[in-house]
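*Asks:* Next comes coords25.cif, mmCIF, C-alpha atoms, pLDDT in the B column; chains and numbers go by the auth columns:
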data_work
loop_
_atom_site.group_PDB
_atom_site.id
_atom_site.type_symbol
_atom_site.label_atom_id
_atom_site.label_comp_id
_atom_site.label_asym_id
_atom_site.label_seq_id
_atom_site.Cartn_x
_atom_site.Cartn_y
_atom_site.Cartn_z
_atom_site.B_iso_or_equiv
_atom_site.auth_seq_id
_atom_site.auth_asym_id
ATOM 1 C CA MET A 1 46.829 16.190 -32.065 50.00 1 A
ATOM 2 C CA LEU A 2 44.503 18.993 -33.198 50.00 2 A
ATOM 3 C CA LYS A 3 41.505 16.661 -32.957 59.00 3 A
ATOM 4 C CA SER A 4 42.154 15.921 -29.264 67.00 4 A
ATOM 5 C CA LEU A 5 42.335 19.605 -28.333 67.00 5 A
ATOM 6 C CA PRO A 6 38.514 20.161 -28.457 80.00 6 A
ATOM 7 C CA ALA A 7 38.008 16.985 -26.402 80.00 7 A
ATOM 8 C CA LYS A 8 40.487 18.176 -23.777 84.00 8 A
ATOM 9 C CA ALA A 9 38.824 21.596 -23.714 85.00 9 A
ATOM 10 C CA ALA A 10 35.405 19.989 -23.257 84.00 10 A
ATOM 11 C CA VAL A 11 36.677 17.833 -20.375 88.00 11 A
ATOM 12 C CA PHE A 12 38.299 20.877 -18.772 90.00 12 A
ATOM 13 C CA ILE A 13 35.080 22.920 -19.097 91.00 13 A
ATOM 14 C CA LEU A 14 33.032 20.066 -17.564 90.00 14 A
ATOM 15 C CA PHE A 15 35.535 19.733 -14.720 91.00 15 A
ATOM 16 C CA CYS A 16 35.397 23.483 -14.012 92.00 16 A
ATOM 17 C CA ALA A 17 31.585 23.435 -14.056 91.00 17 A
ATOM 18 C CA LEU A 18 31.511 20.491 -11.636 93.00 18 A
ATOM 19 C CA VAL A 19 33.893 22.206 -9.233 93.00 19 A
ATOM 20 C CA THR A 20 31.918 25.464 -9.466 94.00 20 A
ATOM 21 C CA PHE A 21 28.591 23.730 -8.732 90.00 21 A
ATOM 22 C CA THR A 22 30.074 21.713 -5.851 92.00 22 A
ATOM 23 C CA VAL A 23 31.624 24.778 -4.215 90.00 23 A
ATOM 24 C CA SER A 24 28.413 26.795 -4.732 89.00 24 A
ATOM 25 C CA GLU A 25 26.351 24.024 -3.116 87.00 25 A
ATOM 26 C CA ALA A 26 28.741 23.828 -0.150 86.00 26 A
ATOM 27 C CA ILE A 27 28.583 27.602 0.358 88.00 27 A
ATOM 28 C CA ALA A 28 24.782 27.679 0.088 83.00 28 A
ATOM 29 C CA ARG A 29 24.439 24.869 2.645 81.00 29 A
ATOM 30 C CA THR A 30 26.992 26.359 5.041 86.00 30 A
ATOM 31 C CA LEU A 31 25.419 29.816 4.946 87.00 31 A
ATOM 32 C CA ARG A 32 21.883 28.366 4.872 79.00 32 A
ATOM 33 C CA LEU A 33 21.011 30.400 1.786 79.00 33 A
ATOM 34 C CA ALA A 34 18.454 27.931 0.440 69.00 34 A
ATOM 35 C CA PRO A 35 14.803 28.481 1.396 64.00 35 A
ATOM 36 C CA LYS A 36 13.375 26.197 4.042 62.00 36 A
ATOM 37 C CA ILE A 37 11.638 23.131 2.698 53.00 37 A
ATOM 38 C CA ASP A 38 7.959 22.852 3.604 52.00 38 A
ATOM 39 C CA THR A 39 7.945 19.811 5.883 52.00 39 A
ATOM 40 C CA GLN A 40 4.207 19.259 5.699 50.00 40 A
ATOM 41 C CA TYR A 41 4.570 16.210 3.436 50.00 41 A
ATOM 42 C CA SER A 42 8.263 15.448 3.720 62.00 42 A
ATOM 43 C CA ARG A 43 8.066 13.292 6.845 78.00 43 A
ATOM 44 C CA TYR A 44 8.192 9.944 5.084 86.00 44 A
ATOM 45 C CA VAL A 45 10.150 6.856 6.038 87.00 45 A
ATOM 46 C CA SER A 46 11.169 3.893 3.942 87.00 46 A
ATOM 47 C CA ASP A 47 9.064 0.764 3.924 90.00 47 A
ATOM 48 C CA PRO A 48 9.934 -2.756 2.690 92.00 48 A
ATOM 49 C CA ILE A 49 6.728 -2.997 0.618 92.00 49 A
ATOM 50 C CA LEU A 50 5.467 0.519 -0.062 91.00 50 A
ATOM 51 C CA PRO A 51 7.503 3.156 -1.881 89.00 51 A
ATOM 52 C CA TYR A 52 7.267 5.222 1.344 88.00 52 A
ATOM 53 C CA LYS A 53 5.000 5.745 4.311 90.00 53 A
ATOM 54 C CA LEU A 54 4.424 8.439 6.887 91.00 54 A
ATOM 55 C CA ARG A 55 6.538 8.365 10.028 91.00 55 A
ATOM 56 C CA PRO A 56 4.753 6.397 12.787 93.00 56 A
ATOM 57 C CA LEU A 57 3.824 8.142 16.055 91.00 57 A
ATOM 58 C CA ALA A 58 4.682 11.553 14.631 89.00 58 A
ATOM 59 C CA VAL A 59 2.987 14.883 15.266 89.00 59 A
ATOM 60 C CA TYR A 60 3.398 17.698 12.761 83.00 60 A
ATOM 61 C CA SER A 61 1.936 21.157 12.944 83.00 61 A
ATOM 62 C CA GLY A 62 2.477 24.431 11.190 78.00 62 A
ATOM 63 C CA ARG A 63 1.222 26.508 8.315 75.00 63 A
ATOM 64 C CA SER A 64 1.088 25.302 4.715 73.00 64 A
ATOM 65 C CA ALA A 65 3.603 26.818 2.313 69.00 65 A
ATOM 66 C CA SER A 66 0.781 28.478 0.404 76.00 66 A
ATOM 67 C CA GLY A 67 -0.550 30.023 3.630 79.00 67 A
ATOM 68 C CA GLU A 68 -3.901 28.436 2.827 81.00 68 A
ATOM 69 C CA PHE A 69 -4.309 26.569 6.095 80.00 69 A
ATOM 70 C CA ASP A 70 -2.793 25.678 9.457 82.00 70 A
ATOM 71 C CA PHE A 71 -2.346 22.007 10.145 81.00 71 A
ATOM 72 C CA GLU A 72 -1.770 19.478 12.881 85.00 72 A
ATOM 73 C CA TYR A 73 -1.364 15.874 11.867 87.00 73 A
ATOM 74 C CA ARG A 74 -0.939 12.989 14.305 91.00 74 A
ATOM 75 C CA HIS A 75 0.027 9.532 13.091 93.00 75 A
ATOM 76 C CA ASN A 76 -0.616 6.259 14.861 95.00 76 A
ATOM 77 C CA SER A 77 1.941 3.442 15.226 94.00 77 A
ATOM 78 C CA ALA A 78 1.249 2.339 11.615 93.00 78 A
ATOM 79 C CA GLY A 79 1.991 5.822 10.261 93.00 79 A
ATOM 80 C CA LEU A 80 -1.669 6.514 9.474 95.00 80 A
ATOM 81 C CA ARG A 81 -3.580 9.650 10.410 94.00 81 A
ATOM 82 C CA ASP A 82 -5.925 7.652 12.583 96.00 82 A
ATOM 83 C CA VAL A 83 -6.478 6.281 16.069 95.00 83 A
ATOM 84 C CA GLU A 84 -4.855 2.992 17.059 95.00 84 A
ATOM 85 C CA HIS A 85 -6.597 -0.159 15.861 94.00 85 A
ATOM 86 C CA SER A 86 -6.035 -3.686 17.129 91.00 86 A
ATOM 87 C CA LEU A 87 -4.881 -6.179 14.525 88.00 87 A
ATOM 88 C CA THR A 88 -7.623 -8.591 15.516 91.00 88 A
ATOM 89 C CA LYS A 89 -11.130 -7.384 14.831 89.00 89 A
ATOM 90 C CA GLU A 90 -13.832 -8.058 17.401 88.00 90 A
ATOM 91 C CA GLY A 91 -16.798 -10.080 16.154 89.00 91 A
ATOM 92 C CA ASN A 92 -19.343 -7.297 16.557 90.00 92 A
ATOM 93 C CA VAL A 93 -17.323 -4.740 14.565 94.00 93 A
ATOM 94 C CA PHE A 94 -17.634 -4.010 10.853 95.00 94 A
ATOM 95 C CA ARG A 95 -14.375 -2.657 9.433 96.00 95 A
ATOM 96 C CA ILE A 96 -13.879 -0.482 6.386 96.00 96 A
ATOM 97 C CA LEU A 97 -10.464 0.317 4.909 96.00 97 A
ATOM 98 C CA GLY A 98 -10.322 3.823 3.451 96.00 98 A
ATOM 99 C CA LEU A 99 -7.435 3.909 0.960 96.00 99 A
ATOM 100 C CA GLY A 100 -6.521 7.062 -0.876 95.00 100 A
ATOM 101 C CA ASP A 101 -4.234 10.020 -1.347 94.00 101 A
ATOM 102 C CA SER A 102 -4.126 13.461 0.309 91.00 102 A
ATOM 103 C CA PHE A 103 -7.914 13.866 0.064 93.00 103 A
ATOM 104 C CA THR A 104 -8.422 10.686 2.069 95.00 104 A
ATOM 105 C CA TYR A 105 -5.628 11.751 4.430 93.00 105 A
ATOM 106 C CA GLY A 106 -7.475 15.015 4.993 91.00 106 A
ATOM 107 C CA SER A 107 -4.757 17.489 4.088 87.00 107 A
ATOM 108 C CA GLY A 108 -5.797 20.882 5.349 86.00 108 A
ATOM 109 C CA ALA A 109 -8.653 19.536 7.483 88.00 109 A
ATOM 110 C CA ASP A 110 -8.866 18.862 11.194 89.00 110 A
ATOM 111 C CA PHE A 111 -8.918 15.129 11.942 92.00 111 A
ATOM 112 C CA ASP A 112 -12.539 15.233 13.081 93.00 112 A
ATOM 113 C CA SER A 113 -13.492 17.012 9.831 92.00 113 A
ATOM 114 C CA THR A 114 -12.104 14.428 7.417 95.00 114 A
ATOM 115 C CA TYR A 115 -14.708 12.604 5.380 96.00 115 A
ATOM 116 C CA LEU A 116 -13.741 9.172 6.738 97.00 116 A
ATOM 117 C CA PHE A 117 -14.070 10.373 10.333 97.00 117 A
ATOM 118 C CA LEU A 118 -17.463 11.932 9.576 97.00 118 A
ATOM 119 C CA LEU A 119 -18.610 8.789 7.746 97.00 119 A
ATOM 120 C CA GLU A 120 -17.601 6.606 10.691 97.00 120 A
ATOM 121 C CA GLU A 121 -19.532 8.838 13.098 97.00 121 A
ATOM 122 C CA MET A 122 -22.556 8.871 10.817 97.00 122 A
ATOM 123 C CA LEU A 123 -22.585 5.076 10.461 96.00 123 A
ATOM 124 C CA ASN A 124 -22.283 4.596 14.216 96.00 124 A
ATOM 125 C CA ARG A 125 -25.209 6.985 14.909 96.00 125 A
ATOM 126 C CA ARG A 126 -27.693 5.066 12.752 94.00 126 A
ATOM 127 C CA ASP A 127 -30.931 3.953 14.317 93.00 127 A
ATOM 128 C CA GLY A 128 -31.628 0.266 14.660 91.00 128 A
ATOM 129 C CA LEU A 129 -29.408 -2.751 15.179 91.00 129 A
ATOM 130 C CA HIS A 130 -26.121 -2.337 13.337 91.00 130 A
ATOM 131 C CA PRO A 131 -22.635 -3.544 14.155 93.00 131 A
ATOM 132 C CA GLN A 132 -20.147 -0.970 15.406 94.00 132 A
ATOM 133 C CA THR A 133 -18.331 0.469 12.367 96.00 133 A
ATOM 134 C CA GLU A 134 -14.597 1.090 12.447 97.00 134 A
ATOM 135 C CA ILE A 135 -12.972 2.851 9.495 97.00 135 A
ATOM 136 C CA ILE A 136 -9.218 2.459 9.121 97.00 136 A
ATOM 137 C CA LYS A 137 -8.145 5.768 7.656 97.00 137 A
ATOM 138 C CA ALA A 138 -5.305 4.830 5.315 96.00 138 A
ATOM 139 C CA GLY A 139 -4.882 7.945 3.195 95.00 139 A
ATOM 140 C CA MET A 140 -1.325 8.964 2.353 92.00 140 A
ATOM 141 C CA PRO A 141 -0.384 12.224 0.631 89.00 141 A
ATOM 142 C CA LEU A 142 1.138 11.656 -2.811 86.00 142 A
ATOM 143 C CA PHE A 143 -0.157 8.077 -3.034 90.00 143 A
ATOM 144 C CA SER A 144 -1.439 6.743 -6.331 92.00 144 A
ATOM 145 C CA PRO A 145 -3.302 3.532 -7.210 93.00 145 A
ATOM 146 C CA GLU A 146 -0.161 1.353 -7.278 94.00 146 A
ATOM 147 C CA PRO A 147 0.972 2.061 -3.670 93.00 147 A
ATOM 148 C CA GLU A 148 -2.659 1.761 -2.570 94.00 148 A
ATOM 149 C CA ARG A 149 -2.820 -1.688 -4.192 94.00 149 A
ATOM 150 C CA LEU A 150 0.401 -2.715 -2.425 94.00 150 A
ATOM 151 C CA PHE A 151 -0.979 -1.458 0.903 93.00 151 A
ATOM 152 C CA LEU A 152 -4.190 -3.448 0.372 93.00 152 A
ATOM 153 C CA GLU A 153 -2.336 -6.640 -0.579 94.00 153 A
ATOM 154 C CA HIS A 154 0.084 -6.588 2.318 90.00 154 A
#
So, in terms of structure tokens, how does the structure I just supplied come out?
*Replies:*
Amino acid sequence: MLKSLPAKAAVFILFCALVTFTVSEAIARTLRLAPKIDTQYSRYVSDPILPYKLRPLAVYSGRSASGEFDFEYRHNSAGLRDVEHSLTKEGNVFRILGLGDSFTYGSGADFDSTYLFLLEEMLNRRDGLHPQTEIIKAGMPLFSPEPERLFLEH
């Protein structure tokens, strides 16, 4: 009987801690005591293939949590920070897929200042006979090589 007393005390202490944390969480949520979450990168939706993707047809604007920059991000129907692209490519168009993370997405930059946008403009201003170049800007904040591979495959 003496051996079970420490076990009962441990269970009671764990139970009290659980109740305390649950009540504290409920109070903090009710009174909105927690700091606001920076929603700059938290606008993801689930995807059957990718671990997550950005919400399609969304517009987000605000100031970064660090105060470093103001932002406005617009997503197309595929959830990419890009213009709409047709699924079928015209014969006189050369397409490039720009996969990457937040650098490719252009976090902190205006859309027309991202490197893929500037590259597309530069390629389309070349002298001589060249096909029209269309860059699909598929950068996603927090992506790594594995989600990029999945995106490319599917």
*Asks:* Which of these residues is nearest to A:Leu80, using all atoms listed in the file: A:Arg32, A:Arg95, A:Lys137, A:Arg63?
*Replies:*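 Smallest distance to A:Leu80 is found for A:Lys137.
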*Asks:* Taking the file as shown, find all residues satisfying the PyMOL selection byres ((chain A and resi 44-58) around 6) and write them as a tab-separated table (two decimals) with C-alpha atoms, in the frame of the given file.
*Replies:*
chain	number	residue	atom	x	y	z
A	42	SER	CA	8.26	15.45	3.72
A	43	ARG	CA	8.07	13.29	6.84
A	59	VAL	CA	2.99	14.88	15.27
A	74	ARG	CA	-0.94	12.99	14.30
A	75	HIS	CA	0.03	9.53	13.09
A	76	ASN	CA	-0.62	6.26	14.86
A	77	SER	CA	1.94	3.44	15.23
A	78	ALA	CA	1.25	2.34	11.62
A	79	GLY	CA	1.99	5.82	10.26
A	147	PRO	CA	0.97	2.06	-3.67
*Asks:* Taking (-6.6, 0.5, 13.7) in the file's coordinates, which residues come within 12 Å, counting all atoms listed in the file, written as a list in words?
*Replies:*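 Using all atoms listed in the file, the matching residues come out as His75, Asn76, Ser77, Ala78, Gly79, Leu80, Arg81, Asp82, Val83, Glu84, His85, Ser86, Leu87, Thr88, Lys89, Glu90, Val93, Arg95, Ile96, Leu97, Gly98, Thr133, Glu134, Ile135, Ile136, Lys137 and Ala138 of chain A.
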*Asks:* Could you write out as a PyMOL selection string the residues that the PyMOL selection byres ((chain A and resi 148) around 10) matches in the shown file?
*Replies:* chain A and resi 50+98-101+138-140+143-147+149-153
*Asks:* Between atom CA of A:Tyr73 and atom CA of A:Met122, what is the distance in Å, rounded to a tenth?
*Replies:*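 Spanning atom CA of A:Tyr73 to atom CA of A:Met122 is a straight-line distance of 22.3 Å.
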*Asks:* Please, what distance in Å, to one decimal, runs between atom CA of A:Leu129 and atom CA of A:Phe94?
*Replies:* 12.6 Å
*Asks:* Take atom CA of A:Ala26 and atom CA of A:Ala10 and report the distance between them in Å, one decimal.
*Replies:* 24.4 Å
*Asks:* Considering only C-alpha atoms, state which residue in the set A:Val11, A:Glu72, A:Leu142, A:Phe21 is at the smallest distance from A:Phe111.
*Replies:* A:Glu72
*Asks:* Box for stretch 48-52 of chain A - axis-aligned, 4 Å on each of the six sides, all listed atoms - centre and size in Å to one decimal, as lines of an AutoDock Vina configuration file.
*Replies:*
center_x = 7.7
center_y = 1.1
center_z = 0.4
size_x = 12.5
size_y = 16.2
size_z = 12.6
